[in-house]
file upload06.txt (compact mmCIF, C-alpha atoms)
# COMPACT_ATOMS: atom_id res chain seq x y z
CA MET D 480 122.25 158.39 72.44
CA GLY D 481 120.92 156.86 69.21
CA SER D 482 122.62 159.44 66.97
CA LYS D 483 126.09 158.31 68.14
CA LYS D 484 125.44 154.92 66.55
CA ASN D 485 124.56 156.39 63.18
CA PRO D 486 127.49 155.90 60.76
CA ASN D 487 127.35 159.41 59.30
CA LYS D 488 124.78 161.15 61.53
CA MET D 489 122.51 161.19 58.49
CA ASN D 490 120.22 158.62 56.96
CA GLN D 491 122.00 155.90 55.02
CA LYS D 492 120.13 153.78 52.45
CA ILE D 493 120.33 150.02 52.22
CA PHE D 494 119.33 147.85 49.27
CA ILE D 495 118.63 144.21 50.20
CA LYS D 496 118.36 141.49 47.55
CA THR D 497 117.13 138.10 48.73
CA PHE D 498 117.66 134.72 47.07
CA GLY D 499 116.15 131.40 48.08
CA CYS D 500 113.74 130.26 50.71
CA GLN D 501 111.07 131.91 52.84
CA MET D 502 113.44 131.80 55.81
CA ASN D 503 115.82 134.05 53.89
CA GLU D 504 112.93 136.44 53.26
CA TYR D 505 112.19 136.44 56.99
CA ASP D 506 115.89 137.00 57.76
CA SER D 507 116.10 139.91 55.30
CA ASN D 508 113.16 141.62 57.01
CA ARG D 509 114.77 141.12 60.42
CA ILE D 510 118.14 142.41 59.17
CA PHE D 511 116.40 145.59 58.09
CA ASP D 512 114.57 145.86 61.43
CA SER D 513 118.04 145.78 63.00
CA VAL D 514 119.94 148.21 60.74
CA LYS D 515 117.15 150.78 61.10
CA LYS D 516 118.50 151.25 64.61
CA ILE D 517 121.78 152.67 63.22
CA GLY D 518 120.22 155.03 60.72
CA TYR D 519 119.46 152.96 57.60
CA GLU D 520 116.39 153.40 55.42
CA LYS D 521 115.37 150.75 52.89
CA THR D 522 115.55 151.63 49.19
CA ASP D 523 114.26 149.71 46.16
CA ASN D 524 116.66 151.66 43.93
CA TYR D 525 120.10 150.09 44.28
CA GLU D 526 121.75 153.04 42.49
CA GLU D 527 121.11 155.29 45.51
CA ALA D 528 122.24 152.69 48.09
CA ASN D 529 125.02 153.39 50.58
CA CYS D 530 124.90 149.71 51.51
CA TYR D 531 124.21 146.76 49.20
CA LEU D 532 123.33 143.51 51.00
CA LEU D 533 122.90 140.21 49.21
CA ASN D 534 121.14 137.51 51.25
CA THR D 535 122.18 134.27 49.59
CA CYS D 536 120.95 130.68 49.31
CA HIS D 537 123.15 127.59 48.87
CA ILE D 538 120.45 125.05 48.02
CA ARG D 539 120.29 125.45 44.25
CA ASP D 540 122.94 124.89 41.59
CA LYS D 541 125.60 127.56 40.91
CA ALA D 542 124.58 129.58 43.99
CA LYS D 543 128.13 130.82 44.54
CA GLU D 544 128.56 131.92 40.91
CA LYS D 545 125.28 133.87 41.08
CA VAL D 546 126.78 135.91 43.93
CA TYR D 547 129.89 136.81 41.94
CA SER D 548 127.77 137.63 38.90
CA GLU D 549 125.62 139.94 41.03
CA ILE D 550 128.71 141.63 42.49
CA GLY D 551 130.04 142.17 38.95
CA ARG D 552 126.79 143.94 38.08
CA VAL D 553 127.04 146.16 41.17
CA LYS D 554 130.65 147.07 40.30
CA LYS D 555 129.54 148.27 36.86
CA ILE D 556 126.67 150.32 38.30
CA PHE D 557 128.91 152.05 40.85
CA ARG D 558 131.93 152.47 38.58
CA SER D 559 131.45 156.24 38.37
CA ARG D 560 129.99 156.81 41.82
CA LYS D 561 130.93 156.19 45.44
CA LYS D 562 131.22 152.49 46.23
CA PRO D 563 128.54 151.22 48.64
CA LEU D 564 129.28 149.01 51.62
CA VAL D 565 128.90 145.51 50.12
CA ILE D 566 127.74 142.75 52.48
CA ILE D 567 127.18 139.09 51.59
CA ALA D 568 124.81 137.40 54.04
CA GLY D 569 123.12 134.02 54.18
CA CYS D 570 124.14 130.45 53.43
CA VAL D 571 126.72 131.09 50.69
CA ALA D 572 128.43 133.54 53.06
CA GLN D 573 128.44 130.83 55.74
CA ALA D 574 129.83 128.17 53.40
CA GLU D 575 132.44 130.23 51.56
CA ASN D 576 133.33 133.04 54.05
CA GLN D 577 137.09 133.78 53.78
CA GLU D 578 137.23 132.39 50.24
CA MET D 579 134.76 135.06 49.09
CA LEU D 580 136.76 137.87 50.64
CA LYS D 581 139.91 136.62 48.90
CA ARG D 582 138.31 136.09 45.50
CA GLU D 583 136.30 139.33 45.34
CA PRO D 584 137.91 142.39 47.01
CA TYR D 585 134.74 144.42 46.27
CA ILE D 586 133.01 142.50 49.10
CA ASP D 587 133.51 144.31 52.42
CA PHE D 588 132.28 141.63 54.79
CA VAL D 589 130.42 138.35 54.98
CA ILE D 590 127.95 137.38 57.68
CA GLY D 591 126.32 133.98 58.21
CA PRO D 592 122.68 133.27 59.14
CA GLN D 593 123.45 132.71 62.84
CA SER D 594 125.33 136.01 63.24
CA TYR D 595 122.68 138.58 62.27
CA HIS D 596 122.55 139.85 65.85
CA LYS D 597 126.06 141.20 65.21
CA ILE D 598 125.26 143.07 61.99
CA ASN D 599 124.93 146.58 63.48
CA ASP D 600 128.23 146.36 65.37
CA THR D 601 129.92 144.81 62.33
CA ILE D 602 128.77 147.66 60.07
CA LEU D 603 129.89 150.27 62.57
CA ASN D 604 133.27 148.58 63.10
CA TYR D 605 133.86 148.31 59.36
CA THR D 606 132.87 151.95 58.83
CA LYS D 607 135.51 152.99 61.37
CA LYS D 608 138.35 150.56 60.59
CA LYS D 609 137.76 149.58 56.92
CA LYS D 610 138.97 146.08 57.78
CA LYS D 611 137.51 143.04 56.00
CA ILE D 612 135.32 141.03 58.39
CA GLU D 613 133.90 137.50 58.45
CA GLU D 614 131.16 136.67 60.98
CA THR D 615 130.10 133.04 60.63
CA GLU D 616 129.81 131.56 64.12
CA PHE D 617 126.82 129.33 64.90
CA ASP D 618 125.01 131.17 67.70
CA ALA D 619 121.25 130.83 67.19
CA VAL D 620 120.51 131.49 70.87
CA SER D 621 122.13 134.95 70.84
CA LYS D 622 120.69 135.72 67.42
CA PHE D 623 117.06 135.18 68.41
CA LYS D 624 117.51 136.70 71.85
CA TYR D 625 118.72 139.88 70.12
CA LEU D 626 116.03 139.84 67.41
CA SER D 627 113.29 139.29 70.01
CA LYS D 628 114.09 142.75 71.38
CA ILE D 629 113.62 144.35 67.97
CA LYS D 630 110.02 144.56 66.77
CA ASN D 631 109.17 142.58 63.62
CA GLU D 632 107.87 145.34 61.35
CA ALA D 633 106.86 143.08 58.42
CA GLY D 634 103.35 144.59 58.34
CA LYS D 635 101.96 142.02 55.87
CA VAL D 636 98.61 140.24 55.84
CA SER D 637 100.50 136.95 55.46
CA SER D 638 103.63 137.03 57.63
CA PHE D 639 106.52 134.63 58.09
CA LEU D 640 107.66 133.67 61.58
CA THR D 641 110.80 131.56 62.06
CA ILE D 642 110.40 129.14 64.97
CA GLN D 643 113.25 126.70 64.32
CA GLU D 644 116.57 126.73 62.50
CA GLY D 645 119.19 124.22 61.48
CA CYS D 646 119.06 120.50 60.85
CA ASP D 647 120.34 117.29 62.46
CA LYS D 648 119.12 114.94 59.71
CA PHE D 649 122.23 115.09 57.47
CA CYS D 650 120.59 114.02 54.22
CA HIS D 651 123.52 113.24 51.95
CA PHE D 652 122.54 115.81 49.31
CA CYS D 653 121.86 118.73 51.67
CA VAL D 654 124.11 121.57 52.75
CA VAL D 655 121.78 122.98 55.44
CA PRO D 656 123.47 121.37 58.49
CA TYR D 657 126.71 123.04 57.39
CA THR D 658 125.25 126.48 56.62
CA ARG D 659 122.52 126.78 59.29
CA GLY D 660 124.03 124.59 61.99
CA PRO D 661 122.35 122.09 64.35
CA GLU D 662 118.62 122.13 65.09
CA TYR D 663 117.60 124.95 67.40
CA SER D 664 114.05 125.67 68.59
CA ARG D 665 113.29 129.22 69.70
CA PRO D 666 111.76 129.75 73.16
CA PHE D 667 107.99 129.20 73.11
CA LYS D 668 107.09 132.55 74.70
CA GLN D 669 109.47 134.44 72.40
CA ILE D 670 107.58 133.08 69.38
CA LEU D 671 104.14 133.87 70.82
CA ASP D 672 105.25 137.44 71.61
CA GLU D 673 106.42 137.90 68.02
CA ALA D 674 103.15 136.42 66.73
CA LYS D 675 101.19 138.95 68.81
CA TYR D 676 103.30 141.79 67.46
CA LEU D 677 102.72 140.61 63.89
CA VAL D 678 98.98 140.63 64.61
CA ASP D 679 99.26 144.22 65.92
CA ASN D 680 100.89 145.08 62.58
CA GLY D 681 98.08 143.63 60.50
CA ALA D 682 98.91 139.93 60.11
CA LYS D 683 95.89 137.69 59.48
CA GLU D 684 97.89 134.63 58.47
CA ILE D 685 101.10 133.35 60.07
CA ILE D 686 103.42 130.94 58.28
CA LEU D 687 105.70 129.18 60.77
CA LEU D 688 109.14 128.54 59.30
CA GLY D 689 111.97 126.12 59.98
CA GLN D 690 114.41 123.94 58.10
CA ASN D 691 112.71 121.12 60.05
CA VAL D 692 109.73 123.03 61.34
CA ASN D 693 107.90 120.01 62.75
CA ALA D 694 111.01 119.04 64.75
CA TYR D 695 110.27 122.08 66.93
CA ASP D 696 110.77 121.15 70.59
CA ASN D 697 111.29 123.70 73.35
CA LEU D 698 110.92 122.54 76.97
CA GLY D 699 108.38 119.95 75.85
CA TYR D 700 106.38 122.36 73.67
CA ARG D 701 105.88 121.02 70.14
CA LEU D 702 104.70 122.55 66.87
CA SER D 703 101.14 121.49 67.71
CA ASP D 704 101.29 123.53 70.95
CA LEU D 705 102.44 126.61 69.04
CA ILE D 706 99.63 126.27 66.51
CA LEU D 707 97.00 125.84 69.24
CA ASN D 708 98.23 128.96 71.05
CA ILE D 709 98.52 131.13 67.93
CA GLU D 710 95.05 129.96 66.97
CA LYS D 711 93.71 131.65 70.12
CA LEU D 712 94.59 135.08 68.67
CA PRO D 713 91.19 136.18 67.30
CA GLU D 714 92.70 138.29 64.51
CA ILE D 715 94.53 135.32 63.03
CA LYS D 716 92.47 133.62 60.33
CA ARG D 717 94.97 131.09 58.97
CA ILE D 718 98.07 129.18 60.10
CA ARG D 719 100.57 127.31 57.93
CA TYR D 720 104.00 125.76 58.49
CA THR D 721 106.93 124.77 56.27
CA THR D 722 109.19 122.86 55.69
CA SER D 723 108.51 119.61 57.49
CA HIS D 724 110.17 116.19 57.53
CA PRO D 725 108.22 112.89 57.41
CA LYS D 726 110.17 111.59 60.43
CA ASP D 727 108.75 114.44 62.55
CA MET D 728 105.06 114.12 61.59
CA THR D 729 104.12 113.15 65.13
CA GLU D 730 100.69 111.90 66.19
CA ASP D 731 99.88 115.13 68.06
CA LEU D 732 100.50 117.14 64.87
CA ILE D 733 98.45 114.75 62.74
CA GLU D 734 95.59 114.79 65.27
CA LEU D 735 95.59 118.60 65.20
CA TYR D 736 94.04 118.45 61.72
CA LYS D 737 90.91 117.04 63.41
CA THR D 738 90.40 119.91 65.81
CA SER D 739 92.16 123.02 64.49
CA LYS D 740 89.89 125.63 62.92
CA LYS D 741 92.74 127.70 61.45
CA LEU D 742 95.37 125.20 60.30
CA MET D 743 95.18 125.10 56.49
CA PRO D 744 94.52 121.79 54.67
CA LEU D 745 97.69 121.89 52.53
CA VAL D 746 100.50 119.69 53.87
CA HIS D 747 103.90 120.41 52.34
CA LEU D 748 105.85 117.25 53.13
CA PRO D 749 109.01 116.69 51.05
CA VAL D 750 109.46 113.06 49.99
CA GLN D 751 112.37 113.59 47.50
CA SER D 752 111.97 110.16 45.83
CA GLY D 753 109.43 107.37 45.48
CA SER D 754 112.11 104.70 45.76
CA ASN D 755 113.15 103.20 49.10
CA LYS D 756 116.56 102.38 47.62
CA ILE D 757 117.17 106.03 46.73
CA LEU D 758 115.74 107.28 50.04
CA LYS D 759 118.24 105.04 51.87
CA SER D 760 121.07 106.33 49.67
CA MET D 761 119.95 109.90 50.44
CA ASN D 762 119.90 109.11 54.21
CA ARG D 763 116.33 110.41 54.38
CA LYS D 764 115.45 108.25 57.43
CA HIS D 765 111.94 107.42 56.19
CA THR D 766 110.44 104.87 53.81
CA ILE D 767 107.69 105.24 51.22
CA GLU D 768 105.47 103.00 53.36
CA GLU D 769 105.90 105.37 56.33
CA TYR D 770 105.21 108.36 54.09
CA LEU D 771 102.02 106.81 52.72
CA ASN D 772 100.92 105.93 56.25
CA ILE D 773 101.04 109.66 57.13
CA PHE D 774 99.13 110.43 53.91
CA ASP D 775 96.42 107.85 54.73
CA LYS D 776 96.02 109.07 58.33
CA LEU D 777 95.61 112.70 57.29
CA LYS D 778 93.22 111.88 54.44
CA GLU D 779 91.09 109.83 56.85
CA ILE D 780 91.01 112.73 59.31
CA ASN D 781 90.11 115.26 56.61
CA PRO D 782 89.55 114.25 52.95
CA LYS D 783 89.99 117.94 51.99
CA ILE D 784 93.71 117.76 52.82
CA GLU D 785 96.04 117.98 49.83
CA PHE D 786 99.78 117.30 49.71
CA SER D 787 102.63 119.17 48.05
CA SER D 788 106.21 117.97 48.02
CA ASP D 789 109.81 118.28 46.80
CA PHE D 790 111.44 115.85 44.37
CA ILE D 791 115.09 115.35 43.46
CA ILE D 792 115.31 113.68 40.05
CA GLY D 793 118.40 111.88 38.75
CA TYR D 794 119.96 111.25 42.15
CA PRO D 795 123.13 109.12 41.79
CA GLY D 796 122.16 105.48 41.43
CA GLU D 797 118.59 106.22 40.26
CA GLU D 798 117.61 103.48 37.80
CA ASP D 799 114.48 103.16 35.67
CA LYS D 800 112.67 101.22 38.40
CA ASP D 801 113.44 103.95 40.97
CA PHE D 802 112.18 106.62 38.61
CA LYS D 803 109.00 104.63 37.91
CA ASP D 804 108.42 104.29 41.67
CA THR D 805 108.55 108.10 41.99
CA PHE D 806 106.18 108.51 39.04
CA SER D 807 103.73 105.99 40.58
CA LEU D 808 103.84 107.79 43.93
CA ILE D 809 102.89 111.08 42.23
CA GLU D 810 100.06 109.34 40.35
CA ASN D 811 98.70 107.86 43.60
CA VAL D 812 99.02 110.88 45.91
CA LYS D 813 98.24 113.53 43.28
CA PHE D 814 100.56 116.14 44.78
CA ILE D 815 99.78 119.78 44.05
CA ASN D 816 102.10 122.83 43.97
CA SER D 817 105.24 120.69 44.15
CA TYR D 818 108.88 121.46 43.38
CA SER D 819 111.14 119.21 41.31
CA PHE D 820 114.81 119.56 40.36
CA ILE D 821 117.62 117.56 38.82
CA PHE D 822 120.18 116.55 41.42
CA SER D 823 123.19 118.85 41.57
CA PRO D 824 126.02 118.16 44.05
CA ARG D 825 126.55 120.63 46.88
CA PRO D 826 130.13 121.19 48.07
CA GLY D 827 130.87 119.56 51.41
CA THR D 828 128.01 117.03 51.28
CA LEU D 829 128.45 113.24 51.11
CA ALA D 830 126.62 113.11 47.77
CA GLU D 831 129.18 115.46 46.21
CA SER D 832 131.53 112.56 45.42
CA LEU D 833 128.87 110.22 43.96
CA GLU D 834 128.90 109.37 40.27
CA LEU D 835 126.31 111.41 38.36
CA ILE D 836 123.87 109.71 36.01
CA GLU D 837 123.74 110.86 32.39
CA LYS D 838 122.40 114.44 32.11
CA LYS D 839 120.18 113.57 29.14
CA ILE D 840 118.44 110.85 31.15
CA SER D 841 117.92 113.22 34.12
CA ILE D 842 116.43 115.90 31.87
CA GLU D 843 114.02 113.41 30.26
CA ARG D 844 112.92 112.12 33.66
CA LEU D 845 112.45 115.62 35.07
CA GLU D 846 110.28 116.55 32.10
CA LYS D 847 108.03 113.53 32.71
CA ILE D 848 107.79 114.28 36.43
CA GLN D 849 107.01 117.96 35.86
CA ASN D 850 104.39 117.12 33.24
CA ILE D 851 102.43 115.00 35.71
CA LEU D 852 102.94 117.46 38.59
CA PHE D 853 101.77 120.37 36.42
CA GLU D 854 98.79 118.33 35.21
CA ASN D 855 97.82 117.69 38.85
CA GLN D 856 97.88 121.45 39.47
CA ILE D 857 95.83 122.18 36.36
CA GLN D 858 93.20 119.56 37.24
CA MET D 859 92.99 120.74 40.85
CA ASN D 860 92.41 124.32 39.71
CA LYS D 861 89.90 123.27 37.04
CA SER D 862 87.94 121.33 39.67
CA LEU D 863 87.32 124.65 41.47
CA GLN D 864 85.81 126.43 38.46
CA GLY D 865 82.20 127.31 39.19
CA LYS D 866 82.69 126.82 42.93
CA VAL D 867 82.84 129.40 45.72
CA ILE D 868 86.03 129.37 47.78
CA ASP D 869 87.40 131.39 50.70
CA VAL D 870 90.21 133.77 49.73
CA LEU D 871 92.40 135.72 52.15
CA VAL D 872 93.07 139.03 50.38
CA GLU D 873 96.70 140.21 50.60
CA ASN D 874 97.00 143.24 48.32
CA LEU D 875 95.96 145.03 45.14
CA THR D 876 97.29 143.84 41.79
CA ASP D 877 100.04 145.95 40.22
CA ASP D 878 97.57 147.89 38.05
CA LYS D 879 95.27 148.40 41.10
CA SER D 880 92.28 147.14 39.10
CA LYS D 881 91.79 143.89 41.04
CA VAL D 882 92.86 142.24 44.29
CA PHE D 883 95.23 139.37 44.94
CA GLY D 884 94.74 136.70 47.57
CA ARG D 885 95.30 133.02 48.24
CA SER D 886 93.08 129.99 48.62
CA GLU D 887 93.31 127.54 51.51
CA TYR D 888 95.75 125.57 49.33
CA MET D 889 98.07 128.59 48.80
CA THR D 890 96.94 129.03 45.20
CA SER D 891 96.99 132.60 43.89
CA VAL D 892 93.53 134.10 43.29
CA ILE D 893 92.82 137.31 41.36
CA PHE D 894 89.33 138.78 41.46
CA ASN D 895 87.29 141.99 41.35
CA GLY D 896 87.61 142.99 44.99
CA LYS D 897 88.26 146.37 46.60
CA LYS D 898 91.10 147.87 48.62
CA ASN D 899 89.11 147.53 51.86
CA ASP D 900 88.96 143.74 51.27
CA ILE D 901 92.69 143.52 52.13
CA GLY D 902 93.10 141.44 55.29
CA LYS D 903 89.63 139.90 54.97
CA ILE D 904 88.49 136.44 53.93
CA VAL D 905 86.22 136.93 50.94
CA GLN D 906 84.02 134.37 49.21
CA VAL D 907 84.94 134.21 45.54
CA ARG D 908 83.28 132.30 42.72
CA ILE D 909 85.99 130.88 40.46
CA LYS D 910 85.36 131.57 36.77
CA ASP D 911 88.64 130.51 35.16
CA SER D 912 92.07 129.13 35.96
CA ASN D 913 95.51 128.25 34.69
CA ARG D 914 98.24 126.16 36.27
CA ASN D 915 99.23 128.72 38.90
CA THR D 916 96.28 131.08 39.31
CA LEU D 917 92.52 131.12 39.87
CA PHE D 918 90.40 133.97 38.49
CA GLY D 919 87.00 134.87 39.87
CA GLU D 920 84.38 137.32 41.08
CA VAL D 921 83.10 138.20 44.52
CA LYS D 922 80.10 136.08 45.51
CA THR D 923 77.08 138.38 45.68
CA ASN D 924 73.88 138.07 47.73
CA SER D 925 71.96 137.17 44.59
CA ASP D 926 74.34 134.29 43.88
CA GLN D 927 72.43 131.32 45.26
CA LYS D 928 74.75 128.54 44.07
CA VAL D 929 76.49 126.65 46.83
CA ALA D 930 80.13 125.54 46.56
call {"tool": "encode", "arguments": {"input": "upload06.txt", "output": "structure tokens"}}
result
Amino acid sequence: MGSKKNPNKMNQKIFIKTFGCQMNEYDSNRIFDSVKKIGYEKTDNYEEANCYLLNTCHIRDKAKEKVYSEIGRVKKIFRSRKKPLVIIAGCVAQAENQEMLKREPYIDFVIGPQSYHKINDTILNYTKKKKKIEETEFDAVSKFKYLSKIKNEAGKVSSFLTIQEGCDKFCHFCVVPYTRGPEYSRPFKQILDEAKYLVDNGAKEIILLGQNVNAYDNLGYRLSDLILNIEKLPEIKRIRYTTSHPKDMTEDLIELYKTSKKLMPLVHLPVQSGSNKILKSMNRKHTIEEYLNIFDKLKEINPKIEFSSDFIIGYPGEEDKDFKDTFSLIENVKFINSYSFIFSPRPGTLAESLELIEKKISIERLEKIQNILFENQIQMNKSLQGKVIDVLVENLTDDKSKVFGRSEYMTSVIFNGKKNDIGKIVQVRIKDSNRNTLFGEVKTNSDQKVA
């Protein structure tokens, strides 16, 4: 039966390139889990691909142009060989759909994030009819129902697991409600079943994903319920979640940091600005006072908790006082591992029509913000030098001479471990550091110093 679904009754090869967020990485893995069923093998060499799939992101500036640039590169590579099936997936596909097919005839079809359950049929239909196709309906229920029947073969020590998609917040700068649709929470049991399968495939850490992950709500089950149930899996050592919204940091989730043994002490909670005026203009639905209240509660529960965040600099209407408020917030909270960008308008959003502030001013402000954020990272990492920390080992380094893992705060750690350390939590004494990475050695029995 299966062979009838195979496009050419022989193995086809698919090359998948992923831009953007962790959810796109999760989606790319699930797309491959699906197309395997119709005879595709994954290749890392795009020159031998029968199918070239680009999973796109619409969050950053010039996202659309990056797609066309990438397609131009593919056209050159395949100029003297048989053209592959070219598929544009993800948020740019959702936002631009028919426009992309008109502008670039080399694209065979586009498919949005809520239509991945249709990808096999779409490929097979295109192979037969050679007719341009656009699949961009919002149908998260069907998507996850379909994907739940296909095993998640990620096979990584640290594995992503999407629990929620879409957004109802409508921040004025954000395109997500238009590219991912309204908030949808996957069925509770469906998520737990996938978590168990990830464990069977070697996962020791699960990172729960959602555009508004802490807005998860399925038949009364919240994010805290999911974490408590995943925590019961003995093989799971660590649990994380991203990306959350301050409005959805409920008391049950905050209280979980008191009792959970496996929830990591890094809270990624995007604030975007330190100015209430700008937050109101952004339609963020939270104030700085509310944000700091969450910070204070969590720090009181566990002083080891650290915060990371996202910042948009140079948002329309941002004056010197607003910028100084953001700078002061960073000084007070001492965020680590944060992301900061100059505002760039996204097509279709309310902020698209707002008057931009002078680019030179935005660049100067971003530089000041990044300097303090980077200094926070450097100081945090320096504070760990000479101490012993727990590291979850994920893989060997490229040259196979050392191992790579992550600290409780998601910081990269490279040390002198062995291949059989992969999947284990190893105690490592930190010897050196830079902004992004800690370097150390395995703690030995003769090492009597205590962290």
call {"tool": "closest_residue", "arguments": {"input": "upload06.txt", "among": "D:Val654, D:Ile517, D:Ile629, D:Leu748", "to": "Ala542 (chain D)", "atoms": "all atoms listed in the file"}}
result
D:Val654
call {"tool": "residues_around", "arguments": {"input": "upload06.txt", "residues": "Gly645 (chain D)", "least_positions_apart": "4", "cutoff": "6 Å", "atoms": "only C-alpha atoms", "output": "PDB file with C-alpha atoms, in the frame of the given file"}}
result
ATOM      1  CA  PRO D 656     123.470 121.370  58.490  1.00  0.00           C
ATOM      2  CA  ARG D 659     122.520 126.780  59.290  1.00  0.00           C
ATOM      3  CA  GLY D 660     124.030 124.590  61.990  1.00  0.00           C
ATOM      4  CA  PRO D 661     122.350 122.090  64.350  1.00  0.00           C
ATOM      5  CA  GLU D 662     118.620 122.130  65.090  1.00  0.00           C
ATOM      6  CA  GLN D 690     114.410 123.940  58.100  1.00  0.00           C
TER       7      GLN D 690
END
call {"tool": "residues_around", "arguments": {"input": "upload06.txt", "residues": "region 800-811 of chain D", "least_positions_apart": "4", "cutoff": "9 Å", "atoms": "all atoms listed in the file", "output": "mmCIF file with C-alpha atoms, in the frame of the given file"}}
result
data_model
loop_
_atom_site.group_PDB
_atom_site.id
_atom_site.type_symbol
_atom_site.label_atom_id
_atom_site.label_comp_id
_atom_site.auth_asym_id
_atom_site.auth_seq_id
_atom_site.Cartn_x
_atom_site.Cartn_y
_atom_site.Cartn_z
ATOM 1 C CA GLN D 751 112.370 113.590 47.500
ATOM 2 C CA SER D 752 111.970 110.160 45.830
ATOM 3 C CA GLY D 753 109.430 107.370 45.480
ATOM 4 C CA SER D 754 112.110 104.700 45.760
ATOM 5 C CA ASN D 755 113.150 103.200 49.100
ATOM 6 C CA LYS D 756 116.560 102.380 47.620
ATOM 7 C CA ILE D 757 117.170 106.030 46.730
ATOM 8 C CA ILE D 767 107.690 105.240 51.220
ATOM 9 C CA PHE D 790 111.440 115.850 44.370
ATOM 10 C CA ILE D 792 115.310 113.680 40.050
ATOM 11 C CA GLY D 793 118.400 111.880 38.750
ATOM 12 C CA GLY D 796 122.160 105.480 41.430
ATOM 13 C CA ARG D 844 112.920 112.120 33.660
ATOM 14 C CA LYS D 847 108.030 113.530 32.710
ATOM 15 C CA ILE D 848 107.790 114.280 36.430
ATOM 16 C CA ILE D 851 102.430 115.000 35.710
ATOM 17 C CA LEU D 852 102.940 117.460 38.590
ATOM 18 C CA ASN D 855 97.820 117.690 38.850
#
call {"tool": "residues_around", "arguments": {"input": "upload06.txt", "residues": "Asn691 (chain D)", "least_positions_apart": "3", "cutoff": "8 Å", "atoms": "all atoms listed in the file", "output": "PDB file with C-alpha atoms, in the frame of the given file"}}
result
ATOM      1  CA  GLN D 643     113.250 126.700  64.320  1.00  0.00           C
ATOM      2  CA  GLU D 644     116.570 126.730  62.500  1.00  0.00           C
ATOM      3  CA  GLY D 645     119.190 124.220  61.480  1.00  0.00           C
ATOM      4  CA  CYS D 646     119.060 120.500  60.850  1.00  0.00           C
ATOM      5  CA  GLU D 662     118.620 122.130  65.090  1.00  0.00           C
ATOM      6  CA  ALA D 694     111.010 119.040  64.750  1.00  0.00           C
ATOM      7  CA  TYR D 695     110.270 122.080  66.930  1.00  0.00           C
ATOM      8  CA  THR D 721     106.930 124.770  56.270  1.00  0.00           C
ATOM      9  CA  THR D 722     109.190 122.860  55.690  1.00  0.00           C
ATOM     10  CA  SER D 723     108.510 119.610  57.490  1.00  0.00           C
ATOM     11  CA  HIS D 724     110.170 116.190  57.530  1.00  0.00           C
TER      12      HIS D 724
END
call {"tool": "closest_residue", "arguments": {"input": "upload06.txt", "among": "D:Tyr595, D:Ile510, D:Tyr736, D:Asn697", "to": "Glu779 (chain D)", "atoms": "all atoms listed in the file"}}
result
D:Tyr736
call {"tool": "atom_distance", "arguments": {"input": "upload06.txt", "atom1": "CA of Pro824 (chain D)", "atom2": "CA of Gly499 (chain D)"}}
result
17.0 Å
call {"tool": "residues_around", "arguments": {"input": "upload06.txt", "residues": "Pro584 (chain D)", "least_positions_apart": "3", "cutoff": "12 Å", "atoms": "all atoms listed in the file", "output": "ChimeraX atom specification"}}
result
/D:547,550-551,554,564-566,577-581,587-589,610-612
call {"tool": "closest_residue", "arguments": {"input": "upload06.txt", "among": "D:Cys653, D:Leu735, D:Ile901, D:Leu845", "to": "Glu831 (chain D)", "atoms": "all atoms listed in the file"}}
result
D:Cys653
call {"tool": "axis_aligned_box", "arguments": {"input": "upload06.txt", "around": "region 761-776 of chain D", "padding_each_side": "8 Å", "output": "lines of an AutoDock Vina configuration file"}}
result
center_x = 108.0
center_y = 106.7
center_z = 54.4
size_x = 39.9
size_y = 23.4
size_z = 23.9
call {"tool": "closest_residue", "arguments": {"input": "upload06.txt", "among": "D:Ile840, D:Leu640, D:Val812, D:Ile718", "to": "Lys778 (chain D)", "atoms": "only C-alpha atoms"}}
result
D:Val812
call {"tool": "residues_near_point", "arguments": {"input": "upload06.txt", "point": "(105.4, 138.7, 73.7)", "cutoff": "12 Å", "atoms": "all atoms listed in the file", "output": "PyMOL selection string"}}
result
chain D and resi 627-631+666-679+709
call {"tool": "residues_around", "arguments": {"input": "upload06.txt", "residues": "Ile715 (chain D)", "least_positions_apart": "5", "cutoff": "9 Å", "atoms": "only C-alpha atoms", "output": "JSON, numbers by chain"}}
result
{"D": [678, 682, 683, 684, 685, 709, 710, 741]}
call {"tool": "closest_residue", "arguments": {"input": "upload06.txt", "among": "D:Lys764, D:Lys740, D:Lys759, D:His651", "to": "Gly827 (chain D)", "atoms": "only C-alpha atoms"}}
result
D:His651
call {"tool": "build_atoms", "arguments": {"input": "upload06.txt", "residues": "region 710-714 of chain D", "atoms": "N, CA and C atoms", "output": "PDB file, in the coordinates of the input"}}
result
ATOM      1  N   GLU D 710      96.443 130.024  67.392  1.00  0.00           N
ATOM      2  CA  GLU D 710      95.050 129.960  66.970  1.00  0.00           C
ATOM      3  C   GLU D 710      94.120 130.739  67.907  1.00  0.00           C
ATOM      4  N   LYS D 711      94.537 130.915  69.151  1.00  0.00           N
ATOM      5  CA  LYS D 711      93.710 131.650  70.120  1.00  0.00           C
ATOM      6  C   LYS D 711      93.663 133.154  69.839  1.00  0.00           C
ATOM      7  N   LEU D 712      94.600 133.650  69.021  1.00  0.00           N
ATOM      8  CA  LEU D 712      94.590 135.080  68.670  1.00  0.00           C
ATOM      9  C   LEU D 712      93.429 135.317  67.717  1.00  0.00           C
ATOM     10  N   PRO D 713      92.398 136.078  68.121  1.00  0.00           N
ATOM     11  CA  PRO D 713      91.190 136.180  67.300  1.00  0.00           C
ATOM     12  C   PRO D 713      91.441 136.779  65.920  1.00  0.00           C
ATOM     13  N   GLU D 714      92.452 137.636  65.805  1.00  0.00           N
ATOM     14  CA  GLU D 714      92.700 138.290  64.510  1.00  0.00           C
ATOM     15  C   GLU D 714      93.294 137.338  63.480  1.00  0.00           C
TER      16      GLU D 714
END
